[in-house]
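Containing compact mmCIF, C-alpha atoms: structure04.txt.
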```
# COMPACT_ATOMS: atom_id res chain seq x y z
CA MET Y 1 -14.30 -24.18 -14.02
CA PRO Y 2 -17.67 -22.93 -15.31
CA MET Y 3 -17.71 -19.61 -17.16
CA SER Y 4 -20.04 -17.98 -14.62
CA ASN Y 5 -17.31 -18.26 -12.00
CA ALA Y 6 -15.34 -15.41 -13.56
CA ARG Y 7 -18.31 -13.09 -13.01
CA THR Y 8 -18.60 -14.25 -9.40
CA HIS Y 9 -14.93 -13.57 -8.77
CA PHE Y 10 -15.13 -10.18 -10.53
CA ALA Y 11 -17.95 -9.22 -8.16
CA ALA Y 12 -15.93 -10.54 -5.22
CA GLY Y 13 -13.03 -8.34 -6.39
CA ILE Y 14 -15.25 -5.26 -6.38
CA ARG Y 15 -16.41 -6.14 -2.86
CA GLY Y 16 -12.78 -6.70 -1.87
CA GLY Y 17 -11.83 -3.22 -3.06
CA LEU Y 18 -14.83 -1.33 -1.67
CA PRO Y 19 -13.77 -1.10 2.01
CA PHE Y 20 -10.69 0.87 0.94
CA LEU Y 21 -12.82 3.63 -0.60
CA LEU Y 22 -13.75 4.89 2.85
CA VAL Y 23 -10.17 6.03 3.23
CA LEU Y 24 -9.08 6.28 -0.38
CA ILE Y 25 -11.69 8.92 -1.30
CA PRO Y 26 -10.71 11.45 1.40
CA PHE Y 27 -7.06 10.51 0.83
CA SER Y 28 -7.16 11.27 -2.90
CA MET Y 29 -9.07 14.51 -2.28
CA LEU Y 30 -6.43 15.51 0.25
CA PHE Y 31 -3.74 14.85 -2.34
CA GLY Y 32 -5.54 17.09 -4.81
CA VAL Y 33 -5.81 19.84 -2.22
CA LEU Y 34 -2.17 19.61 -1.11
CA ALA Y 35 -0.77 19.31 -4.65
CA VAL Y 36 -2.44 22.56 -5.71
CA GLU Y 37 -1.32 24.17 -2.47
CA ALA Y 38 2.27 23.13 -3.24
CA GLY Y 39 2.09 24.98 -6.55
CA LEU Y 40 1.16 22.28 -9.07
CA ASP Y 41 -1.50 23.25 -11.60
CA LEU Y 42 -4.54 21.06 -12.29
CA GLY Y 43 -2.90 19.33 -15.27
CA GLN Y 44 0.24 18.49 -13.29
CA THR Y 45 -1.78 17.25 -10.33
CA MET Y 46 -3.88 14.94 -12.51
CA ALA Y 47 -0.85 13.77 -14.52
CA MET Y 48 0.93 12.78 -11.33
CA THR Y 49 -2.09 10.98 -9.89
CA ALA Y 50 -2.76 9.13 -13.16
CA LEU Y 51 0.84 8.17 -13.94
CA VAL Y 52 2.02 7.31 -10.45
CA ILE Y 53 -1.14 6.07 -8.63
CA ALA Y 54 0.78 5.56 -5.41
CA GLY Y 55 -0.51 7.76 -2.61
CA ALA Y 56 2.40 7.47 -0.21
CA SER Y 57 4.99 8.43 -2.83
CA GLN Y 58 2.79 11.22 -4.24
CA PHE Y 59 2.47 12.76 -0.78
CA THR Y 60 6.21 12.31 -0.30
CA ALA Y 61 6.90 14.13 -3.57
CA ILE Y 62 4.49 16.97 -2.76
CA GLN Y 63 5.97 17.38 0.71
CA LEU Y 64 9.50 17.59 -0.69
CA ILE Y 65 8.45 20.00 -3.46
CA SER Y 66 6.97 22.25 -0.75
CA ASP Y 67 10.27 21.98 1.12
CA ASN Y 68 12.01 23.06 -2.09
CA ALA Y 69 14.18 19.93 -2.20
CA PRO Y 70 16.27 19.28 -5.35
CA LEU Y 71 14.63 17.34 -8.20
CA LEU Y 72 16.89 14.31 -7.89
CA VAL Y 73 16.28 13.93 -4.14
CA VAL Y 74 12.51 14.12 -4.63
CA LEU Y 75 12.65 11.54 -7.42
CA VAL Y 76 14.86 9.08 -5.54
CA THR Y 77 12.94 9.41 -2.26
CA ALA Y 78 9.53 8.98 -3.87
CA LEU Y 79 10.74 5.99 -5.90
CA ALA Y 80 12.25 4.43 -2.76
CA VAL Y 81 8.82 4.62 -1.16
CA ASN Y 82 7.52 2.63 -4.14
CA LEU Y 83 10.24 -0.03 -4.14
CA ARG Y 84 7.99 -2.26 -2.03
CA MET Y 85 5.90 -2.69 -5.18
CA ALA Y 86 8.66 -4.81 -6.70
CA MET Y 87 7.87 -7.27 -3.94
CA TYR Y 88 4.15 -7.04 -4.77
CA SER Y 89 5.03 -7.71 -8.40
CA ALA Y 90 7.10 -10.73 -7.42
CA SER Y 91 4.39 -11.91 -5.06
CA LEU Y 92 1.70 -11.79 -7.78
CA ALA Y 93 3.90 -13.25 -10.53
CA PRO Y 94 3.21 -16.90 -9.55
CA HIS Y 95 -0.54 -16.16 -9.62
CA LEU Y 96 -0.88 -13.92 -12.69
CA GLY Y 97 2.42 -14.48 -14.52
CA LYS Y 98 0.82 -16.82 -17.08
CA ALA Y 99 -1.41 -14.03 -18.42
CA PRO Y 100 -0.54 -12.53 -21.84
CA LEU Y 101 2.00 -9.68 -21.80
CA TRP Y 102 -0.55 -6.93 -22.54
CA GLN Y 103 -2.62 -8.05 -19.55
CA ARG Y 104 0.46 -8.14 -17.33
CA ALA Y 105 1.30 -4.61 -18.53
CA LEU Y 106 -2.14 -3.47 -17.36
CA ILE Y 107 -1.83 -5.39 -14.09
CA ALA Y 108 1.48 -3.63 -13.44
CA TYR Y 109 -0.09 -0.22 -14.08
CA THR Y 110 -2.90 -0.88 -11.56
CA LEU Y 111 -0.73 -2.62 -8.93
CA VAL Y 112 -1.36 -0.49 -5.84
CA ASP Y 113 -1.40 -1.35 -2.12
CA GLN Y 114 -5.15 -1.93 -2.14
CA THR Y 115 -5.47 -4.06 -5.27
CA TYR Y 116 -2.46 -6.09 -4.18
CA GLY Y 117 -3.57 -6.50 -0.58
CA THR Y 118 -7.06 -7.70 -1.31
CA SER Y 119 -6.00 -9.91 -4.26
CA ILE Y 120 -3.14 -11.74 -2.57
CA ALA Y 121 -5.34 -12.48 0.46
CA TYR Y 122 -8.05 -13.87 -1.86
CA PHE Y 123 -5.59 -15.96 -3.90
CA GLN Y 124 -3.84 -17.41 -0.85
CA GLU Y 125 -7.14 -18.42 0.72
CA ARG Y 126 -8.15 -20.26 -2.48
CA PRO Y 127 -5.18 -22.36 -3.64
CA GLY Y 128 -7.16 -24.04 -6.46
CA LEU Y 129 -8.26 -20.83 -8.17
CA GLY Y 130 -7.54 -20.69 -11.94
CA LEU Y 131 -5.83 -17.86 -13.84
CA ARG Y 132 -9.07 -16.63 -15.41
CA ASP Y 133 -10.80 -16.36 -12.03
CA LYS Y 134 -7.78 -14.67 -10.47
CA LEU Y 135 -7.72 -12.11 -13.30
CA ALA Y 136 -11.46 -11.56 -12.81
CA PHE Y 137 -11.00 -10.89 -9.10
CA TYR Y 138 -8.05 -8.56 -9.73
CA SER Y 139 -10.00 -6.62 -12.39
CA GLY Y 140 -12.89 -6.20 -9.97
CA ALA Y 141 -10.58 -4.79 -7.31
CA VAL Y 142 -9.08 -2.37 -9.86
CA MET Y 143 -12.53 -1.20 -10.97
CA ALA Y 144 -13.50 -0.51 -7.36
CA VAL Y 145 -10.35 1.38 -6.46
CA CYS Y 146 -8.61 3.11 -9.38
CA PRO Y 147 -11.26 5.26 -11.14
CA LEU Y 148 -12.30 6.86 -7.84
CA TRP Y 149 -8.66 7.64 -7.10
CA TYR Y 150 -8.51 9.85 -10.21
CA ILE Y 151 -11.97 11.35 -9.78
CA PHE Y 152 -11.51 12.43 -6.17
CA THR Y 153 -8.02 13.79 -6.77
CA TYR Y 154 -9.74 16.03 -9.35
CA VAL Y 155 -12.47 16.97 -6.88
CA GLY Y 156 -9.86 17.85 -4.26
CA ALA Y 157 -7.73 19.85 -6.70
CA VAL Y 158 -10.69 21.82 -8.07
CA ALA Y 159 -12.54 22.37 -4.82
CA GLY Y 160 -9.26 23.28 -3.15
CA ALA Y 161 -11.27 23.72 0.00
CA ALA Y 162 -8.94 22.69 2.79
CA ILE Y 163 -10.21 19.71 4.76
CA PRO Y 164 -10.27 20.95 8.38
CA GLU Y 165 -7.33 19.69 10.39
CA GLU Y 166 -9.54 18.39 13.19
CA PHE Y 167 -10.60 15.54 10.88
CA ALA Y 168 -7.06 14.17 11.41
CA LEU Y 169 -7.02 12.59 7.95
CA ASP Y 170 -3.26 12.23 8.26
CA PHE Y 171 -4.01 9.23 10.40
CA ALA Y 172 -6.42 7.56 7.97
CA VAL Y 173 -3.37 6.13 6.18
CA PRO Y 174 -1.84 4.24 9.15
CA ILE Y 175 -5.30 3.06 10.22
CA THR Y 176 -5.95 1.64 6.75
CA PHE Y 177 -2.63 -0.17 6.61
CA LEU Y 178 -3.16 -1.61 10.11
CA ALA Y 179 -6.67 -2.74 9.21
CA LEU Y 180 -5.21 -4.49 6.19
CA VAL Y 181 -2.41 -6.20 8.11
CA ALA Y 182 -4.24 -7.26 11.28
CA PRO Y 183 -6.36 -10.02 9.68
CA GLN Y 184 -3.17 -11.50 8.18
CA LEU Y 185 -1.55 -12.03 11.59
CA LYS Y 186 -2.79 -15.62 11.59
CA SER Y 187 0.34 -17.58 12.54
CA LEU Y 188 3.45 -17.23 14.68
CA ALA Y 189 5.46 -16.72 11.49
CA HIS Y 190 3.26 -13.79 10.41
CA VAL Y 191 3.37 -12.18 13.86
CA SER Y 192 7.16 -12.61 14.05
CA ALA Y 193 7.61 -11.00 10.65
CA ALA Y 194 5.38 -8.07 11.64
CA LEU Y 195 7.27 -7.53 14.92
CA VAL Y 196 10.68 -7.57 13.22
CA SER Y 197 9.32 -5.12 10.63
CA VAL Y 198 8.10 -2.66 13.30
CA VAL Y 199 11.20 -2.85 15.49
CA LEU Y 200 13.69 -2.52 12.63
CA ALA Y 201 11.71 0.19 10.85
CA LEU Y 202 11.74 2.31 14.02
CA ALA Y 203 15.38 1.53 14.78
CA LEU Y 204 16.47 2.33 11.21
CA ALA Y 205 14.20 5.36 10.69
CA TRP Y 206 17.29 7.62 10.72
CA ILE Y 207 18.50 6.13 7.40
CA PRO Y 208 17.54 8.56 4.63
CA PHE Y 209 15.38 7.89 1.55
CA SER Y 210 13.15 5.29 3.30
CA LEU Y 211 15.96 2.76 2.97
CA GLY Y 212 15.46 1.77 6.62
CA LEU Y 213 12.01 0.48 5.77
CA LEU Y 214 13.38 -1.60 2.89
CA ILE Y 215 16.03 -3.16 5.13
CA ALA Y 216 13.44 -3.81 7.85
CA ALA Y 217 11.06 -5.41 5.34
CA PHE Y 218 13.79 -7.63 3.95
CA PHE Y 219 14.73 -9.06 7.35
CA ALA Y 220 11.08 -9.32 8.41
CA MET Y 221 10.38 -11.37 5.28
CA LEU Y 222 13.30 -13.72 6.06
CA THR Y 223 12.06 -14.00 9.67
CA GLY Y 224 8.61 -15.09 8.52
CA ALA Y 225 10.06 -17.67 6.14
CA ALA Y 226 12.47 -18.96 8.81
CA VAL Y 227 9.77 -19.31 11.48
CA GLU Y 228 7.52 -21.09 8.99
CA THR Y 229 10.32 -23.51 8.10
CA TRP Y 230 11.84 -24.25 11.49
CA GLY Y 231 9.42 -22.82 14.06
CA PRO Y 232 6.81 -24.71 16.08
CA GLY Y 233 3.93 -26.14 14.09
CA ALA Y 234 5.82 -26.08 10.78
CA ARG Y 235 3.64 -27.70 8.14
CA PRO Y 236 4.60 -29.67 5.04
CA ARG Y 237 5.04 -27.36 2.04
CA GLU Y 238 2.65 -29.23 -0.25
CA ALA Y 239 -0.30 -28.39 1.99
CA ARG Y 240 -0.08 -24.65 1.32
CA THR Y 241 -0.23 -22.13 -1.54
CA MET Q 1 4.59 28.68 -4.11
CA ASN Q 2 8.12 27.32 -4.36
CA GLY Q 3 11.29 27.53 -6.42
CA TRP Q 4 10.30 24.81 -8.89
CA THR Q 5 9.79 25.60 -12.56
CA ASP Q 6 6.98 24.01 -14.59
CA GLY Q 7 9.55 22.07 -16.57
CA GLN Q 8 11.09 20.59 -13.44
CA ILE Q 9 7.71 19.51 -12.13
CA TRP Q 10 6.87 17.80 -15.45
CA LEU Q 11 10.28 16.12 -15.41
CA LEU Q 12 9.60 14.84 -11.89
CA ILE Q 13 6.13 13.57 -12.86
CA ALA Q 14 7.54 11.74 -15.89
CA GLY Q 15 10.43 10.25 -13.96
CA LEU Q 16 8.25 9.19 -11.06
CA GLY Q 17 5.61 7.71 -13.38
CA ILE Q 18 8.06 5.75 -15.52
CA GLY Q 19 10.17 4.61 -12.55
CA THR Q 20 7.15 3.47 -10.57
CA TYR Q 21 5.75 1.62 -13.57
CA LEU Q 22 9.04 -0.24 -14.13
CA ILE Q 23 9.11 -1.23 -10.44
CA ARG Q 24 5.60 -2.62 -10.74
CA LEU Q 25 6.28 -4.40 -14.01
CA SER Q 26 9.59 -5.90 -12.83
CA PHE Q 27 8.67 -9.44 -11.87
CA LEU Q 28 5.32 -9.61 -13.65
CA GLY Q 29 6.90 -8.51 -16.91
CA LEU Q 30 10.14 -10.47 -16.78
CA ILE Q 31 9.25 -13.71 -15.15
CA GLY Q 32 6.08 -14.47 -17.04
CA ASP Q 33 5.12 -18.08 -16.58
CA ARG Q 34 8.45 -19.19 -15.17
CA GLU Q 35 8.19 -20.98 -11.83
CA LEU Q 36 9.77 -19.35 -8.80
CA HIS Q 37 11.97 -21.28 -6.39
CA PRO Q 38 10.04 -22.63 -3.33
CA PHE Q 39 12.18 -20.58 -0.95
CA VAL Q 40 11.31 -17.42 -2.87
CA MET Q 41 7.65 -18.39 -2.69
CA ARG Q 42 7.95 -18.93 1.07
CA CYS Q 43 9.54 -15.49 1.49
CA LEU Q 44 6.92 -13.80 -0.65
CA ARG Q 45 4.13 -15.07 1.57
CA TYR Q 46 5.47 -12.71 4.24
CA VAL Q 47 5.90 -9.60 2.08
CA PRO Q 48 2.68 -7.89 3.24
CA VAL Q 49 3.35 -8.41 6.95
CA ALA Q 50 7.00 -7.47 6.39
CA VAL Q 51 6.37 -4.14 4.62
CA LEU Q 52 3.15 -2.63 5.95
CA PRO Q 53 3.86 -2.74 9.74
CA GLY Q 54 7.22 -1.08 9.13
CA LEU Q 55 5.56 1.54 6.93
CA VAL Q 56 3.00 2.28 9.64
CA ALA Q 57 5.17 2.17 12.77
CA PRO Q 58 6.91 5.56 12.34
CA LEU Q 59 3.59 7.19 11.36
CA VAL Q 60 2.05 5.91 14.60
CA VAL Q 61 4.97 6.71 16.90
CA TRP Q 62 6.00 10.03 15.33
CA PRO Q 63 2.92 11.48 13.57
CA ALA Q 64 3.66 14.30 11.13
CA ALA Q 65 0.49 16.12 12.22
CA THR Q 66 1.92 16.62 15.72
CA ASP Q 67 5.38 17.49 14.35
CA GLY Q 68 6.67 14.06 15.32
CA GLN Q 69 5.55 14.23 18.96
CA PRO Q 70 4.05 10.93 20.18
CA ASP Q 71 0.28 11.34 20.51
CA PRO Q 72 -1.82 9.12 22.84
CA ALA Q 73 -5.00 9.46 20.75
CA ARG Q 74 -3.25 8.22 17.60
CA MET Q 75 -1.54 5.36 19.43
CA LEU Q 76 -4.84 4.23 20.97
CA ALA Q 77 -6.52 4.42 17.56
CA ALA Q 78 -3.76 2.32 16.00
CA ALA Q 79 -4.00 -0.29 18.77
CA ALA Q 80 -7.78 -0.43 18.38
CA ALA Q 81 -7.58 -0.90 14.61
CA LEU Q 82 -5.02 -3.66 15.04
CA MET Q 83 -7.00 -5.52 17.70
CA ILE Q 84 -10.37 -5.25 15.97
CA GLY Q 85 -8.80 -6.30 12.67
CA ALA Q 86 -7.13 -9.33 14.24
CA ALA Q 87 -10.26 -10.31 16.18
CA THR Q 88 -12.90 -9.82 13.46
CA ARG Q 89 -10.76 -10.32 10.31
CA SER Q 90 -12.76 -7.42 8.91
CA VAL Q 91 -10.86 -4.56 7.25
CA ILE Q 92 -13.81 -2.17 7.34
CA ALA Q 93 -14.58 -2.87 11.01
CA ALA Q 94 -10.95 -2.17 11.87
CA ILE Q 95 -10.98 1.14 9.94
CA LEU Q 96 -14.28 2.30 11.45
CA VAL Q 97 -13.30 1.44 15.04
CA GLY Q 98 -9.81 2.89 14.53
CA MET Q 99 -11.13 6.24 13.25
CA ALA Q 100 -13.86 6.30 15.95
CA VAL Q 101 -11.27 5.78 18.68
CA LEU Q 102 -9.09 8.47 17.08
CA TYR Q 103 -11.88 11.08 17.07
CA LEU Q 104 -12.93 10.10 20.59
CA GLY Q 105 -9.33 10.32 21.78
CA LEU Q 106 -8.68 13.69 20.11
CA TRP Q 107 -11.89 15.01 21.65
CA LEU Q 108 -11.25 13.65 25.16
CA ILE Q 109 -7.49 14.03 25.54
```
Target encoding structure tokens, full file:
Amino acid sequence: MPMSNARTHFAAGIRGGLPFLLVLIPFSMLFGVLAVEAGLDLGQTMAMTALVIAGASQFTAIQLISDNAPLLVVLVTALAVNLRMAMYSASLAPHLGKAPLWQRALIAYTLVDQTYGTSIAYFQERPGLGLRDKLAFYSGAVMAVCPLWYIFTYVGAVAGAAIPEEFALDFAVPITFLALVAPQLKSLAHVSAALVSVVLALALAWIPFSLGLLIAAFFAMLTGAAVETWGPGARPREART
Amino acid sequence: MNGWTDGQIWLLIAGLGIGTYLIRLSFLGLIGDRELHPFVMRCLRYVPVAVLPGLVAPLVVWPAATDGQPDPARMLAAAAALMIGAATRSVIAAILVGMAVLYLGLWLI
């Protein structure tokens, strides 16, 4: 692969991350606003956003702090929300696992829904892509997404100006996740997995600590793999990935 | 304000930060350049469509903003985002149409 390719893929990574900013910027500002409202000071708000960088779990933690839940419950619940990232880590390991340890340590730190989502789609569409180019794309996605996450949390925390409720930003999160998933529904196996995920997640929503979602995701994953293996139009393994 | 002390909040931040980092590092850090079994690979291909729809479904059906009451505007917006995303394969188009339908629905309904 020519050297210039890495730059091309880095730029592609930035472009891959950019669409998320539309939602991520108001989302991070909202976190800043709500964290301060819940009683965290500016330092605590920024420390949480910089150390955790996982919106869903940060909002979970803030919500439970406001509800005055015990420390251990907040910790376990927020971590359960993040358990899906172990699957992201496993999913990226075949692509980026050959990188040196210090690079993998940085990859782990920046592994969020958005950098994962855009990177895995890019890698799966280009089976021949080399490690260097994959790292370039991933770095581009990180550069597009992560710095603005910190900056706009700060803006939200300092401004503190409540975003009016009629903007319905609560729903920017589901819309973003749906927009990310929809283009991936490209085979019967993918659609089956998504359906199992939705049905089980709703049926198991009563299980505490988000464990219902983890169970739903596990069976949805097996469903996808099973339909790919035995369902109609199953393709030989060598042709993919 | 709430009943939390500063120390407790810092403890939570540290625990959440370290725990989340270890979750992220898990496979990337341990496995390194070892090859994964083909069945594991096949399963992993479906991780995104296995996790995200389940994460979204309760938020769509029981939105926190309406205290968990099903809301037609939010459901229409979710359906629009899903359909536009599947049809155009464009994330940004799906987000824009989804939010537009949401605002239109909240305004009309």
Could you check the closest approach to chain Q for each of Y:Ser197, Y:Asn5, Y:Ser187, Y:Thr118 and tell me which residue wins, using all atoms listed in the file?
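Using all atoms listed in the file, the shortest distance to chain Q belongs to Y:Ser197.
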At a cut-off of 12 Å, using all atoms listed in the file, what residues contact Y:Val33? Leave out same-chain residues fewer than 5 positions from it and give the result as JSON, numbers by chain.
{"Y": [26, 27, 28, 38, 39, 40, 41, 42, 45, 46, 59, 62, 152, 153, 154, 155, 156, 157, 158, 159, 160, 161, 162, 163, 164]}
Go through Q:Ala87, Q:Met41, Q:Ile18, Q:Leu82 one by one, measure the shortest atom-to-atom distance of each to Q:Pro53 using only C-alpha atoms, and give the residue with the smallest value.
Q:Leu82
May I ask which of the residues Q:Val97, Q:Gly85, Q:Trp62, Q:Thr5 is the closest one to chain Y, counting all atoms listed in the file?
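Nearest candidate to chain Y out of Q:Val97, Q:Gly85, Q:Trp62, Q:Thr5: Q:Gly85.
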For Q:Leu22, which residue among Y:Arg7, Y:Gly32, Y:Leu83, Y:Leu211 is the nearest when counting all atoms listed in the file?
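Among the listed residues, Y:Leu83 lies closest to Q:Leu22.
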Taking into account all atoms listed in the file, which residue in the set Y:Ala90, Y:Ala54, Y:Leu71, Y:Ala182 is nearest to Q:Val91?
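Using all atoms listed in the file, the shortest distance to Q:Val91 belongs to Y:Ala182.
Each of Y:Leu148, Y:Ala12, Y:Leu92, Y:Ile25 was checked against chain Q using only C-alpha atoms; the smallest atom-to-atom distance is that of Y:Leu92.
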Go through chain Q residue by residue and, counting all atoms listed in the file, keep those with an atom at most 6 Å from chain Y; for each kept residue give the shortest atom pair and its distance in Å to one decimal, ordered by chain and increasing number, as JSON lines.
```
{"residue": "Q:Met1", "atom": "CA", "partner": "Y:Gly39", "partner_atom": "CA", "distance": 5.1}
{"residue": "Q:Ile13", "atom": "CA", "partner": "Y:Met48", "partner_atom": "CA", "distance": 5.5}
{"residue": "Q:Gly17", "atom": "CA", "partner": "Y:Val52", "partner_atom": "CA", "distance": 4.7}
{"residue": "Q:Ile23", "atom": "CA", "partner": "Y:Ala86", "partner_atom": "CA", "distance": 5.2}
{"residue": "Q:Arg24", "atom": "CA", "partner": "Y:Ala108", "partner_atom": "CA", "distance": 5.0}
{"residue": "Q:Leu25", "atom": "CA", "partner": "Y:Ala108", "partner_atom": "CA", "distance": 4.9}
{"residue": "Q:Phe27", "atom": "CA", "partner": "Y:Ala90", "partner_atom": "CA", "distance": 4.9}
{"residue": "Q:Leu28", "atom": "CA", "partner": "Y:Ala93", "partner_atom": "CA", "distance": 5.0}
{"residue": "Q:Gly32", "atom": "CA", "partner": "Y:Gly97", "partner_atom": "CA", "distance": 4.4}
{"residue": "Q:Asp33", "atom": "CA", "partner": "Y:Lys98", "partner_atom": "CA", "distance": 4.5}
{"residue": "Q:Arg42", "atom": "CA", "partner": "Y:Ala225", "partner_atom": "CA", "distance": 5.6}
{"residue": "Q:Cys43", "atom": "CA", "partner": "Y:Ala225", "partner_atom": "CA", "distance": 5.2}
{"residue": "Q:Leu44", "atom": "CA", "partner": "Y:Ser91", "partner_atom": "CA", "distance": 5.4}
{"residue": "Q:Tyr46", "atom": "CA", "partner": "Y:Met221", "partner_atom": "CA", "distance": 5.2}
{"residue": "Q:Val47", "atom": "CA", "partner": "Y:Met221", "partner_atom": "CA", "distance": 5.8}
{"residue": "Q:Val49", "atom": "CA", "partner": "Y:Ala194", "partner_atom": "CA", "distance": 5.1}
{"residue": "Q:Ala50", "atom": "CA", "partner": "Y:Ala217", "partner_atom": "CA", "distance": 4.7}
{"residue": "Q:Val51", "atom": "CA", "partner": "Y:Ala217", "partner_atom": "CA", "distance": 4.9}
{"residue": "Q:Pro53", "atom": "CA", "partner": "Y:Val198", "partner_atom": "CA", "distance": 5.5}
{"residue": "Q:Gly54", "atom": "CA", "partner": "Y:Val198", "partner_atom": "CA", "distance": 4.5}
{"residue": "Q:Val56", "atom": "CA", "partner": "Y:Pro174", "partner_atom": "CA", "distance": 5.2}
{"residue": "Q:Ala57", "atom": "CA", "partner": "Y:Val198", "partner_atom": "CA", "distance": 5.7}
{"residue": "Q:Ala81", "atom": "CA", "partner": "Y:Ala179", "partner_atom": "CA", "distance": 5.8}
{"residue": "Q:Leu82", "atom": "CA", "partner": "Y:Ala182", "partner_atom": "CA", "distance": 5.3}
{"residue": "Q:Gly85", "atom": "CA", "partner": "Y:Ala182", "partner_atom": "CA", "distance": 4.9}
{"residue": "Q:Ala86", "atom": "CA", "partner": "Y:Ala182", "partner_atom": "CA", "distance": 4.6}
{"residue": "Q:Arg89", "atom": "CA", "partner": "Y:Pro183", "partner_atom": "CA", "distance": 4.5}
{"residue": "Q:Val91", "atom": "CA", "partner": "Y:Ala179", "partner_atom": "CA", "distance": 5.0}
{"residue": "Q:Ile92", "atom": "CA", "partner": "Y:Pro19", "partner_atom": "CA", "distance": 5.4}
{"residue": "Q:Ala94", "atom": "CA", "partner": "Y:Ala179", "partner_atom": "CA", "distance": 5.1}
{"residue": "Q:Ile95", "atom": "CA", "partner": "Y:Ala179", "partner_atom": "CA", "distance": 5.8}
```
Grab the atom CA of Q:Phe39 to atom CA of Y:Pro232 distance for me, in Å with one decimal place.
18.3 Å
One number please: atom CA of Y:Gly13 to atom CA of Y:Tyr138, in Å, one decimal.
6.0 Å
Point-to-point distance in Å for atom CA of Q:Ile84 and atom CA of Q:Ile109:
21.7 Å
With N, CA and C atoms as the target, complete stretch 17-32 of chain Y and hand it back as a compact mmCIF listing (two decimals), in the coordinates of the input.
```
# COMPACT_ATOMS: atom_id res chain seq x y z
N GLY Y 17 -12.41 -4.55 -2.95
CA GLY Y 17 -11.83 -3.22 -3.06
C GLY Y 17 -12.63 -2.15 -2.34
N LEU Y 18 -13.94 -2.38 -2.20
CA LEU Y 18 -14.83 -1.33 -1.67
C LEU Y 18 -14.44 -0.79 -0.29
N PRO Y 19 -14.06 -1.65 0.68
CA PRO Y 19 -13.77 -1.10 2.01
C PRO Y 19 -12.68 -0.02 1.98
N PHE Y 20 -11.78 -0.09 1.00
CA PHE Y 20 -10.69 0.87 0.94
C PHE Y 20 -11.16 2.27 0.57
N LEU Y 21 -12.34 2.34 -0.09
CA LEU Y 21 -12.82 3.63 -0.60
C LEU Y 21 -13.06 4.61 0.54
N LEU Y 22 -13.48 4.07 1.68
CA LEU Y 22 -13.75 4.89 2.85
C LEU Y 22 -12.57 5.80 3.15
N VAL Y 23 -11.38 5.28 2.94
CA VAL Y 23 -10.17 6.03 3.23
C VAL Y 23 -9.59 6.63 1.96
N LEU Y 24 -9.71 5.87 0.86
CA LEU Y 24 -9.08 6.28 -0.38
C LEU Y 24 -9.71 7.57 -0.94
N ILE Y 25 -11.02 7.73 -0.78
CA ILE Y 25 -11.69 8.92 -1.30
C ILE Y 25 -11.20 10.18 -0.59
N PRO Y 26 -11.27 10.26 0.75
CA PRO Y 26 -10.71 11.45 1.40
C PRO Y 26 -9.21 11.61 1.15
N PHE Y 27 -8.50 10.49 1.04
CA PHE Y 27 -7.06 10.51 0.83
C PHE Y 27 -6.72 11.13 -0.51
N SER Y 28 -7.44 10.73 -1.57
CA SER Y 28 -7.16 11.27 -2.90
C SER Y 28 -7.57 12.75 -2.98
N MET Y 29 -8.68 13.09 -2.31
CA MET Y 29 -9.07 14.51 -2.28
C MET Y 29 -7.99 15.34 -1.59
N LEU Y 30 -7.48 14.81 -0.49
CA LEU Y 30 -6.43 15.51 0.25
C LEU Y 30 -5.21 15.71 -0.63
N PHE Y 31 -4.88 14.69 -1.44
CA PHE Y 31 -3.74 14.85 -2.34
C PHE Y 31 -3.99 15.99 -3.32
N GLY Y 32 -5.20 16.02 -3.88
CA GLY Y 32 -5.54 17.09 -4.81
C GLY Y 32 -5.38 18.46 -4.16
```
